[in-house]
Each structure stands twice: as C-alpha cells, then as structure tokens.
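Notes to accompany the following structure.
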Amino acid sequence: MSIADRVLGSPWLHHDEPGLTRETLDALFANQIPCIRIKGFATADECRAFVAAMDAIGLNKEYQVASPSVRALPKYIGVPQFEYRKKSKAAYFAEVEPSFADQAKVFAHCGFDPIQRLIDRVHAVVPERPIGLAREPDHGSYYAGIIRETTGGTNLHMDFARFSAPDYAIGTNSAQIATNFYASGTAAGGETTVYNHHFEPTVPAGTYYEISPLDPVRVAASESHTFMPVAGDLVMFNSRNPHRVHFNPNDDGTRRMGIGSFIGRRPDGELVLWS
C-alpha cells in the first residue's frame, strides 16, 4: 500500500487541551483541535474503586495487536467491534449482551457508570442532539465501554468505522471521536500521540480498509500532539487521525487503567456510542 496519502484538512488551530463545550465538540469532530480534556471527570476515590473493580472482576480478554511498539498485549473486558471485522455481524452481536453483563459487574463493584456519565456530559452541551448506543438494524444495540489496561502500549492505528466497518450502520457516520477515561496512569510512558493525518484511503467507497497497524513512516512529517493519562480525567480526540499509546518502559508496577468508547456523528447529527 502506498504511503503517499491524500491528507485532508488544515493544521490544528492550537495545541491546548480545552474542556468540553458545544464549540470544542464541534471543533473536535471537524479535526480543528487535537483533543478535549474533561478534568476531574471522576474523583480520586472513584478512580481507586474503578481499578479495584477491574482487578476484582478480572480482565478476561486480550487484543491481538502485537508489534515492536507493544510491550504487552492490552487486556480488557467487553467486545470491540474491530476484533470482529472479519467475522459475521451475528458473531459480534452475540457477544454484546454477555459483555454488558461483565461490564455491569465492574460498575456495580466501583459504584458508578462512566459511560452514562459521559453521555450525560455530552448531552449537557448539545441537548438538542439525540445521544445513545449505536444500533444495527435486525441486530440491536452495539456494545460501548471497553474496560482495559494498556500499560504495554498499542501500535500505530486509526479508528474510523467508514473504513473498518463499511457494511455496518456505524459505517455511515460522518465523523468519529475516541473517548478515554483514565482511572490510573503510569509514572513513565502511557502517553498517547495523535497525528494530524486525516487521510482518505485509496480504496473504492464502501471497501474495507485495514486500519491497524499503520506504518509510522506515513505520519513522520505530520503535526502531532501528545497527551498524558491523568487519573480522573477523560480525554477525547478525533480517532480518524492515526494514534498510538506509548508503553511504560519501567517495571515499576504502575498501570494505565480505564475505559474507552467511540462517539460517532451520524449524517443527521445524532450521536451514537460503541466500542
């Protein structure tokens, strides 16, 4: 695959990490800013309770994303739609209900629901836009909220359902952002680097495009922004941009723990969540 991508858009307006408002949300969907940071999304006690719940319930799955930039496979609870990209829709949706049951155990143990809190925060700034779980005709709701540890890092990839799930309802979304709530961070590493490389793959419309891993050469000359995982904060960024999580280089026992979800914007403006 050629790395001479047709990159869309312009340089980011700034490298601040503003809070969530109607204006910043629209700017993020339009890829005009690198990220939004909701400081104090959860309290210190809630963060400790969330990590304890993750350990008590147990992260029972692993992402299959091995590469030189991944020190240990990320472990998680939930069902990522991407992991079912080469399987049937029925196979993915059969895992949604059991995954929500596992998620509910974590939320019950820690005493709060960060996904509902996220929905409430977004709805508060754009009350006129419907927001809720994404739904697939003839199958029902998607799963939202991957509970995970990414201390070992991730490879360079992007997330945009129009490329990776063109035959799903989420493939019709006009824009997509990733959200990550951090219940804990690492003393070194753990930061996420996002590259302003909003490109259009050279494949026919409606064709599947492999979004992971991407060759780092593709983004070597691109504008970038790196943000740190601060316990209690939630960070949002435009996931169509290539991005990667850096691994913790030290064996110091600190871990990068939390929960992530996507928010897609449908052509009619409705906002939908899935993972």
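Just so we're on the same page: first chain in the structure tokens is A, next is B, and so on; residues restart at 1 for each chain, and ligands are numbered from 1 in the order they show up.
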Contact residues around region 190-201 of chain A with only C-alpha atoms at 6 Å, ignoring same-chain residues under 2 positions, as a PyMOL selection string: chain A and resi 6-8+186+203+222-228+241-248
Backbone-only DSSP, strand (DSSP E) members of region 51-163 of chain A, as a PyMOL selection string: chain A and resi 61-62+75-77+131-133+135-136+140-141+146-149
Atoms to include: N, CA and C atoms. Write the selected residues as a PDB file, in the first residue's frame.
```pdb
ATOM      1  N   LYS A  61      -9.895 -10.810  28.427  1.00  0.00           N
ATOM      2  CA  LYS A  61      -9.579 -10.928  27.000  1.00  0.00           C
ATOM      3  C   LYS A  61      -8.308 -10.146  26.684  1.00  0.00           C
ATOM      4  N   GLU A  62      -7.712 -10.411  25.517  1.00  0.00           N
ATOM      5  CA  GLU A  62      -6.520  -9.692  25.074  1.00  0.00           C
ATOM      6  C   GLU A  62      -6.701  -9.228  23.636  1.00  0.00           C
ATOM      7  N   LYS A  75      -5.108  -5.926  27.864  1.00  0.00           N
ATOM      8  CA  LYS A  75      -6.157  -6.810  28.380  1.00  0.00           C
ATOM      9  C   LYS A  75      -7.424  -5.987  28.605  1.00  0.00           C
ATOM     10  N   TYR A  76      -8.585  -6.656  28.459  1.00  0.00           N
ATOM     11  CA  TYR A  76      -9.819  -5.876  28.536  1.00  0.00           C
ATOM     12  C   TYR A  76     -11.030  -6.723  28.897  1.00  0.00           C
ATOM     13  N   ILE A  77     -12.118  -6.023  29.218  1.00  0.00           N
ATOM     14  CA  ILE A  77     -13.466  -6.576  29.364  1.00  0.00           C
ATOM     15  C   ILE A  77     -14.333  -5.877  28.327  1.00  0.00           C
ATOM     16  N   ILE A 131     -28.508  11.312  21.762  1.00  0.00           N
ATOM     17  CA  ILE A 131     -27.274  10.580  22.012  1.00  0.00           C
ATOM     18  C   ILE A 131     -27.604   9.298  22.753  1.00  0.00           C
ATOM     19  N   GLY A 132     -26.992   8.197  22.326  1.00  0.00           N
ATOM     20  CA  GLY A 132     -27.221   6.906  22.958  1.00  0.00           C
ATOM     21  C   GLY A 132     -26.411   5.836  22.265  1.00  0.00           C
ATOM     22  N   LEU A 133     -26.669   4.592  22.603  1.00  0.00           N
ATOM     23  CA  LEU A 133     -25.935   3.489  21.989  1.00  0.00           C
ATOM     24  C   LEU A 133     -26.255   3.395  20.500  1.00  0.00           C
ATOM     25  N   ARG A 135     -27.113   1.493  17.106  1.00  0.00           N
ATOM     26  CA  ARG A 135     -27.965   0.334  16.869  1.00  0.00           C
ATOM     27  C   ARG A 135     -27.801  -0.151  15.430  1.00  0.00           C
ATOM     28  N   GLU A 136     -27.901  -1.452  15.263  1.00  0.00           N
ATOM     29  CA  GLU A 136     -27.793  -2.088  13.951  1.00  0.00           C
ATOM     30  C   GLU A 136     -29.142  -2.699  13.590  1.00  0.00           C
ATOM     31  N   GLY A 140     -29.815  -5.001  16.883  1.00  0.00           N
ATOM     32  CA  GLY A 140     -29.942  -4.320  18.157  1.00  0.00           C
ATOM     33  C   GLY A 140     -28.768  -3.425  18.486  1.00  0.00           C
ATOM     34  N   SER A 141     -28.560  -3.199  19.784  1.00  0.00           N
ATOM     35  CA  SER A 141     -27.544  -2.251  20.244  1.00  0.00           C
ATOM     36  C   SER A 141     -26.131  -2.802  20.109  1.00  0.00           C
ATOM     37  N   ILE A 146     -15.098  -0.287  26.524  1.00  0.00           N
ATOM     38  CA  ILE A 146     -14.070  -1.308  26.729  1.00  0.00           C
ATOM     39  C   ILE A 146     -13.276  -0.954  27.986  1.00  0.00           C
ATOM     40  N   ILE A 147     -13.332  -1.814  28.975  1.00  0.00           N
ATOM     41  CA  ILE A 147     -12.610  -1.636  30.233  1.00  0.00           C
ATOM     42  C   ILE A 147     -11.250  -2.301  30.056  1.00  0.00           C
ATOM     43  N   ARG A 148     -10.171  -1.546  30.147  1.00  0.00           N
ATOM     44  CA  ARG A 148      -8.896  -2.114  29.703  1.00  0.00           C
ATOM     45  C   ARG A 148      -7.678  -1.576  30.435  1.00  0.00           C
ATOM     46  N   GLU A 149      -6.622  -2.370  30.313  1.00  0.00           N
ATOM     47  CA  GLU A 149      -5.287  -1.953  30.734  1.00  0.00           C
ATOM     48  C   GLU A 149      -4.413  -1.869  29.494  1.00  0.00           C
TER      49      GLU A 149
END
```
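In terms of minimum interatomic distance to Asp113 (chain A), A:Ala49 ranks closest within A:Ala49, A:Val70, A:Ala221, A:Ile38, counting only C-alpha atoms.
Atom to atom, CA of Lys105 (chain A) and CA of Ala90 (chain A) stand 24.3 Å apart.
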Within 12 Å of region 251-268 of chain A, which residues of region 47-149 of chain A come that close, and what is the closest atom pair and distance in Å for each? Count only C-alpha atoms and give it as a Markdown table.
```
| residue | atom | partner | partner_atom | distance |
| --- | --- | --- | --- | --- |
| A:Cys47 | CA | A:Gly258 | CA | 8.7 |
| A:Arg48 | CA | A:Met257 | CA | 10.3 |
| A:Ala49 | CA | A:Gly258 | CA | 11.3 |
| A:Phe50 | CA | A:Gly258 | CA | 7.8 |
| A:Val51 | CA | A:Met257 | CA | 6.8 |
| A:Ala52 | CA | A:Met257 | CA | 10.4 |
| A:Ala53 | CA | A:Gly258 | CA | 10.8 |
| A:Met54 | CA | A:Met257 | CA | 8.5 |
| A:Asp55 | CA | A:Met257 | CA | 10.2 |
| A:Leu59 | CA | A:Met257 | CA | 10.8 |
| A:Arg71 | CA | A:Asp251 | CA | 11.3 |
| A:Ala72 | CA | A:Arg255 | CA | 11.8 |
| A:Pro74 | CA | A:Arg256 | CA | 10.0 |
| A:Lys75 | CA | A:Met257 | CA | 9.8 |
| A:Tyr76 | CA | A:Ile259 | CA | 9.0 |
| A:Ile77 | CA | A:Ile259 | CA | 9.3 |
| A:Gly78 | CA | A:Ile259 | CA | 9.9 |
| A:Val79 | CA | A:Ser261 | CA | 11.0 |
| A:Pro80 | CA | A:Ser261 | CA | 9.4 |
| A:Gln81 | CA | A:Phe262 | CA | 10.8 |
| A:Phe82 | CA | A:Phe262 | CA | 11.7 |
| A:Gln103 | CA | A:Ile259 | CA | 10.2 |
| A:Val106 | CA | A:Ile259 | CA | 10.9 |
| A:Phe107 | CA | A:Ile259 | CA | 11.1 |
| A:Asp113 | CA | A:Ile259 | CA | 10.4 |
| A:Pro114 | CA | A:Ile259 | CA | 8.0 |
| A:Ile115 | CA | A:Ser261 | CA | 8.0 |
| A:Gln116 | CA | A:Ser261 | CA | 11.3 |
| A:Leu118 | CA | A:Ser261 | CA | 9.6 |
| A:Ile119 | CA | A:Ile263 | CA | 9.5 |
| A:Val122 | CA | A:Ile263 | CA | 10.0 |
| A:Glu128 | CA | A:Asp268 | CA | 11.9 |
| A:Arg129 | CA | A:Asp268 | CA | 9.3 |
| A:Pro130 | CA | A:Asp268 | CA | 9.9 |
| A:Ile131 | CA | A:Ile263 | CA | 9.0 |
| A:Gly132 | CA | A:Ile263 | CA | 9.2 |
| A:Leu133 | CA | A:Ile263 | CA | 9.1 |
| A:Ala134 | CA | A:Gly264 | CA | 8.5 |
| A:Arg135 | CA | A:Arg266 | CA | 11.7 |
| A:Tyr142 | CA | A:Phe262 | CA | 11.0 |
| A:Tyr143 | CA | A:Ser261 | CA | 9.1 |
| A:Ala144 | CA | A:Ser261 | CA | 5.7 |
| A:Gly145 | CA | A:Ser261 | CA | 5.0 |
| A:Ile146 | CA | A:Gly260 | CA | 5.3 |
| A:Ile147 | CA | A:Ile259 | CA | 4.3 |
| A:Arg148 | CA | A:Gly258 | CA | 5.7 |
| A:Glu149 | CA | A:Met257 | CA | 4.6 |
```
Residues of region 42-270 of chain A in helix (DSSP H, G or I), written as number ranges by chain: A: 44-57, 81-84, 89-93, 96-110, 114-125, 161-164, 169-172, 216-219
Output for the residues just chosen: C-alpha atoms as a PDB file, in the first residue's frame:
```pdb
ATOM      1  CA  ALA A  44      -9.787  10.094  43.331  1.00  0.00           C
ATOM      2  CA  ASP A  45     -11.973   7.708  45.354  1.00  0.00           C
ATOM      3  CA  GLU A  46     -13.929   6.719  42.241  1.00  0.00           C
ATOM      4  CA  CYS A  47     -10.673   6.073  40.362  1.00  0.00           C
ATOM      5  CA  ARG A  48      -9.363   3.810  43.103  1.00  0.00           C
ATOM      6  CA  ALA A  49     -12.695   1.987  43.214  1.00  0.00           C
ATOM      7  CA  PHE A  50     -12.684   1.518  39.425  1.00  0.00           C
ATOM      8  CA  VAL A  51      -9.191  -0.010  39.420  1.00  0.00           C
ATOM      9  CA  ALA A  52     -10.144  -2.264  42.338  1.00  0.00           C
ATOM     10  CA  ALA A  53     -13.247  -3.364  40.426  1.00  0.00           C
ATOM     11  CA  MET A  54     -11.166  -4.167  37.321  1.00  0.00           C
ATOM     12  CA  ASP A  55      -8.891  -6.348  39.422  1.00  0.00           C
ATOM     13  CA  ALA A  56     -11.757  -7.990  41.295  1.00  0.00           C
ATOM     14  CA  ILE A  57     -13.773  -8.890  38.194  1.00  0.00           C
ATOM     15  CA  GLN A  81     -16.350  -4.358  17.056  1.00  0.00           C
ATOM     16  CA  PHE A  82     -12.946  -4.135  15.323  1.00  0.00           C
ATOM     17  CA  GLU A  83     -11.966  -7.573  16.622  1.00  0.00           C
ATOM     18  CA  TYR A  84     -14.946  -8.989  14.667  1.00  0.00           C
ATOM     19  CA  LYS A  89     -22.373  -9.468  12.313  1.00  0.00           C
ATOM     20  CA  ALA A  90     -24.175 -12.240  14.143  1.00  0.00           C
ATOM     21  CA  ALA A  91     -20.916 -13.300  15.812  1.00  0.00           C
ATOM     22  CA  TYR A  92     -20.297  -9.766  17.095  1.00  0.00           C
ATOM     23  CA  PHE A  93     -23.829  -9.086  18.303  1.00  0.00           C
ATOM     24  CA  VAL A  96     -22.893  -7.799  23.185  1.00  0.00           C
ATOM     25  CA  GLU A  97     -25.244  -8.927  25.957  1.00  0.00           C
ATOM     26  CA  PRO A  98     -22.666 -11.094  27.800  1.00  0.00           C
ATOM     27  CA  SER A  99     -20.162  -8.245  27.566  1.00  0.00           C
ATOM     28  CA  PHE A 100     -22.615  -5.765  29.058  1.00  0.00           C
ATOM     29  CA  ALA A 101     -23.166  -8.265  31.878  1.00  0.00           C
ATOM     30  CA  ASP A 102     -19.401  -8.296  32.600  1.00  0.00           C
ATOM     31  CA  GLN A 103     -19.312  -4.500  32.414  1.00  0.00           C
ATOM     32  CA  ALA A 104     -22.214  -4.243  34.853  1.00  0.00           C
ATOM     33  CA  LYS A 105     -20.241  -6.261  37.398  1.00  0.00           C
ATOM     34  CA  VAL A 106     -17.421  -3.709  37.261  1.00  0.00           C
ATOM     35  CA  PHE A 107     -19.780  -0.745  37.521  1.00  0.00           C
ATOM     36  CA  ALA A 108     -21.643  -2.334  40.431  1.00  0.00           C
ATOM     37  CA  HIS A 109     -18.359  -3.019  42.224  1.00  0.00           C
ATOM     38  CA  CYS A 110     -16.993   0.513  41.804  1.00  0.00           C
ATOM     39  CA  PRO A 114     -18.539   6.273  33.463  1.00  0.00           C
ATOM     40  CA  ILE A 115     -20.298   5.626  30.147  1.00  0.00           C
ATOM     41  CA  GLN A 116     -23.608   7.050  31.349  1.00  0.00           C
ATOM     42  CA  ARG A 117     -21.692   9.937  32.922  1.00  0.00           C
ATOM     43  CA  LEU A 118     -20.056  10.610  29.545  1.00  0.00           C
ATOM     44  CA  ILE A 119     -23.446  10.542  27.795  1.00  0.00           C
ATOM     45  CA  ASP A 120     -24.810  12.987  30.355  1.00  0.00           C
ATOM     46  CA  ARG A 121     -21.821  15.336  29.983  1.00  0.00           C
ATOM     47  CA  VAL A 122     -22.109  15.404  26.181  1.00  0.00           C
ATOM     48  CA  HIS A 123     -25.891  15.802  26.255  1.00  0.00           C
ATOM     49  CA  ALA A 124     -25.492  18.774  28.603  1.00  0.00           C
ATOM     50  CA  VAL A 125     -23.530  20.750  25.987  1.00  0.00           C
ATOM     51  CA  ALA A 161     -15.910   2.890  11.031  1.00  0.00           C
ATOM     52  CA  ARG A 162     -16.481   4.088   7.461  1.00  0.00           C
ATOM     53  CA  PHE A 163     -13.181   2.394   6.609  1.00  0.00           C
ATOM     54  CA  SER A 164     -13.164  -0.550   9.041  1.00  0.00           C
ATOM     55  CA  ALA A 169     -24.663   1.024  10.430  1.00  0.00           C
ATOM     56  CA  ILE A 170     -21.745   2.785  12.139  1.00  0.00           C
ATOM     57  CA  GLY A 171     -20.032   2.863   8.734  1.00  0.00           C
ATOM     58  CA  THR A 172     -22.396   5.668   7.711  1.00  0.00           C
ATOM     59  CA  PRO A 216       4.957   5.048  11.163  1.00  0.00           C
ATOM     60  CA  VAL A 217       6.599   6.395   8.006  1.00  0.00           C
ATOM     61  CA  ARG A 218       3.161   7.600   6.933  1.00  0.00           C
ATOM     62  CA  VAL A 219       2.969  10.141   9.762  1.00  0.00           C
TER      63      VAL A 219
END
```
CA of Leu25 (chain A) to CA of Lys39 (chain A), straight-line distance in Å: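 Calculated distance between CA of Lys39 (chain A) and CA of Leu25 (chain A) is 15.1 Å.
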Residues near Gly19 (chain A), cut-off 10 Å, only C-alpha atoms, skip fewer than 4 positions along chain, as a ChimeraX atom specification: /A:23-25,35-39,234-236
Residue with smallest distance to Gly9 (chain A) - pool A:Arg240, A:Arg85, A:Pro229, A:Ala220, counting only C-alpha atoms: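 Using only C-alpha atoms, Gly9 (chain A) sits closest to A:Arg240.
In this comparison, which uses only C-alpha atoms, the residue of A:Asp26, A:Ser275, A:Glu95, A:Ile33 approaching Ala178 (chain A) most closely is A:Ser275.
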Given only C-alpha atoms as the counted atoms, nearest of A:Gln32, A:Ala187, A:Asp5, A:Asp233 to Asp215 (chain A): A:Asp5
Nearest candidate to Ile211 (chain A) (options A:Leu156, A:Gly185, A:Tyr168, A:Asn180; using only C-alpha atoms): A:Leu156
Point-to-point distance from CA of Leu271 (chain A) to CA of Glu17 (chain A), Å rounded to tenths: 21.8 Å
